[in-house]
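Remarks on the structure that follows.
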Number of protein chains: 2
Amino acid sequence: MKSGTGIVKRVDRIALNKVAAGQATESQELIGAADGAPHFAMRRFVMGKGGGMPRHTNAVEHEQYVLRGRARITIADKVFEVSEGNVVFIPAGVPHSYEVTEAPFEFLCMVPNKEDRVELLDGCG
Amino acid sequence: MKSGTGIVKRVDRIALNKVAAGQATESQELIGAADGAPHFAMRRFVMGKGGGMPRHTNAVEHEQYVLRGRARITIADKVFEVSEGNVVFIPAGVPHSYEVTEAPFEFLCMVPNKEDRVELLDGCG
């Protein structure tokens, strides 16, 4: 639902799109530049059984909040087991990966309105 | 838990502070400039029974995600009933208010790293 001066939506009515670099991973943009958001975007990621993202870097930082499920997140050389109520900050350029341990694993991921570039670090082997 | 290159925290281990302009309202900073976040901050608000915030404006926009409970949010002249899974965008300068209808009402509220200014609109009467 949209007004000229404020926007309220339901997360389950927004399209999810497959994330090419992930396994069993989809994402949706909840609030973004198309809504008139001037500085940063809110996205939600949903990862299914066996899902995750291989080790990669982004050109932008991530501020994340875990909503549901469990995963093992590696940031640089540290491994974290996360679940609902975990907050995660990944600075720009720091290698990180996700491995679902209890599906579905769902989290919000906020990023600034800057051009991102995903670089996979472990090849395709 | 903090590493030199990434930060993982649990929301229930971060101090909550009373919000002076609200009723039965507390907030906590989950990720902010103190963590090295360069562009925007993630906060969580918790409103108890009878809680809320009167009509006000902020100098910065809000990107919000409802985690728990229910509330009536007024943005400009539109009234929205929100609950878990609602996404709310309130542009800078737009009058808005919160009235809890099912406590606790909990939501994330992301704001840019810019100086905010809260202006109450209905006086103290």
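Chain identifiers are assigned as A, B, and so on, following the order in which chains appear in the structure tokens; residues are numbered from 1 within each chain, and ligands are numbered from 1 in order of appearance.
Residues of chain B having any atom within 6 Å of chain A, counting only C-alpha atoms, are Gly6, Ile7, Val8, Lys9, Arg10, Val11, Gly85, Asn86, Val87, Val88, Phe89 and Ile90 of chain B.
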(Q) So that I can check the secondary structure, give me every residue of stretch 10-103 of chain B assigned strand (DSSP E) by backbone DSSP, as a VMD selection string. (A) chain B and resid 10 17 to 18 23 to 31 40 to 57 62 to 75 78 to 83 86 to 90 96 to 103
Please identify all polymer residues within 6 Å of stretch 45-51 of chain B, counting only C-alpha atoms, omitting same-chain residues fewer than 3 positions from it, and present them as a compact mmCIF listing (two decimals) with C-alpha atoms, in the first residue's frame.
```
# COMPACT_ATOMS: atom_id res chain seq x y z
CA GLN B 23 5.25 6.38 25.96
CA ALA B 24 6.45 2.97 27.21
CA THR B 25 9.04 3.06 24.42
CA GLU B 26 12.66 1.93 24.49
CA SER B 27 15.25 1.68 21.75
CA VAL B 100 0.47 0.11 20.11
CA ALA B 103 2.24 -5.29 22.96
CA PRO B 104 5.09 -5.73 22.83
CA PHE B 105 5.37 -3.97 19.47
CA GLU B 106 8.90 -4.36 18.11
CA PHE B 107 10.39 -3.02 14.91
```
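Residue neighbourhood of B:Ser97, excluding near-sequence residues (fewer than 2 positions): Gly22, Gly52, Met53, Pro54, Arg55, His56, Thr57, Ala71, Arg72, Ile73, Thr74, Ile75, Ala76, Val79, Pro95, Glu99 and Leu120 of chain B, at 10 Å, using only C-alpha atoms.
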Using C-alpha atoms, can you write the selected residues to a file as a compact mmCIF listing (two decimals), in the first residue's frame?
```txt
# COMPACT_ATOMS: atom_id res chain seq x y z
CA GLY B 22 7.54 8.21 23.54
CA GLY B 52 3.63 4.73 21.22
CA MET B 53 5.02 7.99 19.92
CA PRO B 54 2.97 11.14 19.34
CA ARG B 55 2.86 12.84 15.94
CA HIS B 56 6.30 14.14 15.02
CA THR B 57 8.71 14.68 12.19
CA ALA B 71 0.39 -1.01 16.03
CA ARG B 72 -1.53 1.73 14.28
CA ILE B 73 0.89 3.96 12.39
CA THR B 74 -0.23 7.26 10.95
CA ILE B 75 1.92 8.72 8.17
CA ALA B 76 0.81 12.17 7.02
CA VAL B 79 -3.53 5.24 8.91
CA PRO B 95 4.57 13.64 10.16
CA GLU B 99 -0.03 3.64 18.79
CA LEU B 120 6.76 17.10 18.13
```
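Between atom CA of B:Val118 and atom CA of B:Lys18 there is a distance of 15.1 Å.
For the pair atom CA of A:Glu119 and atom CA of A:Arg70, the separation is 24.4 Å.
Taking atom CA of B:Cys109 as the reference point, atom CA of A:Gly69 is found at 21.9 Å.
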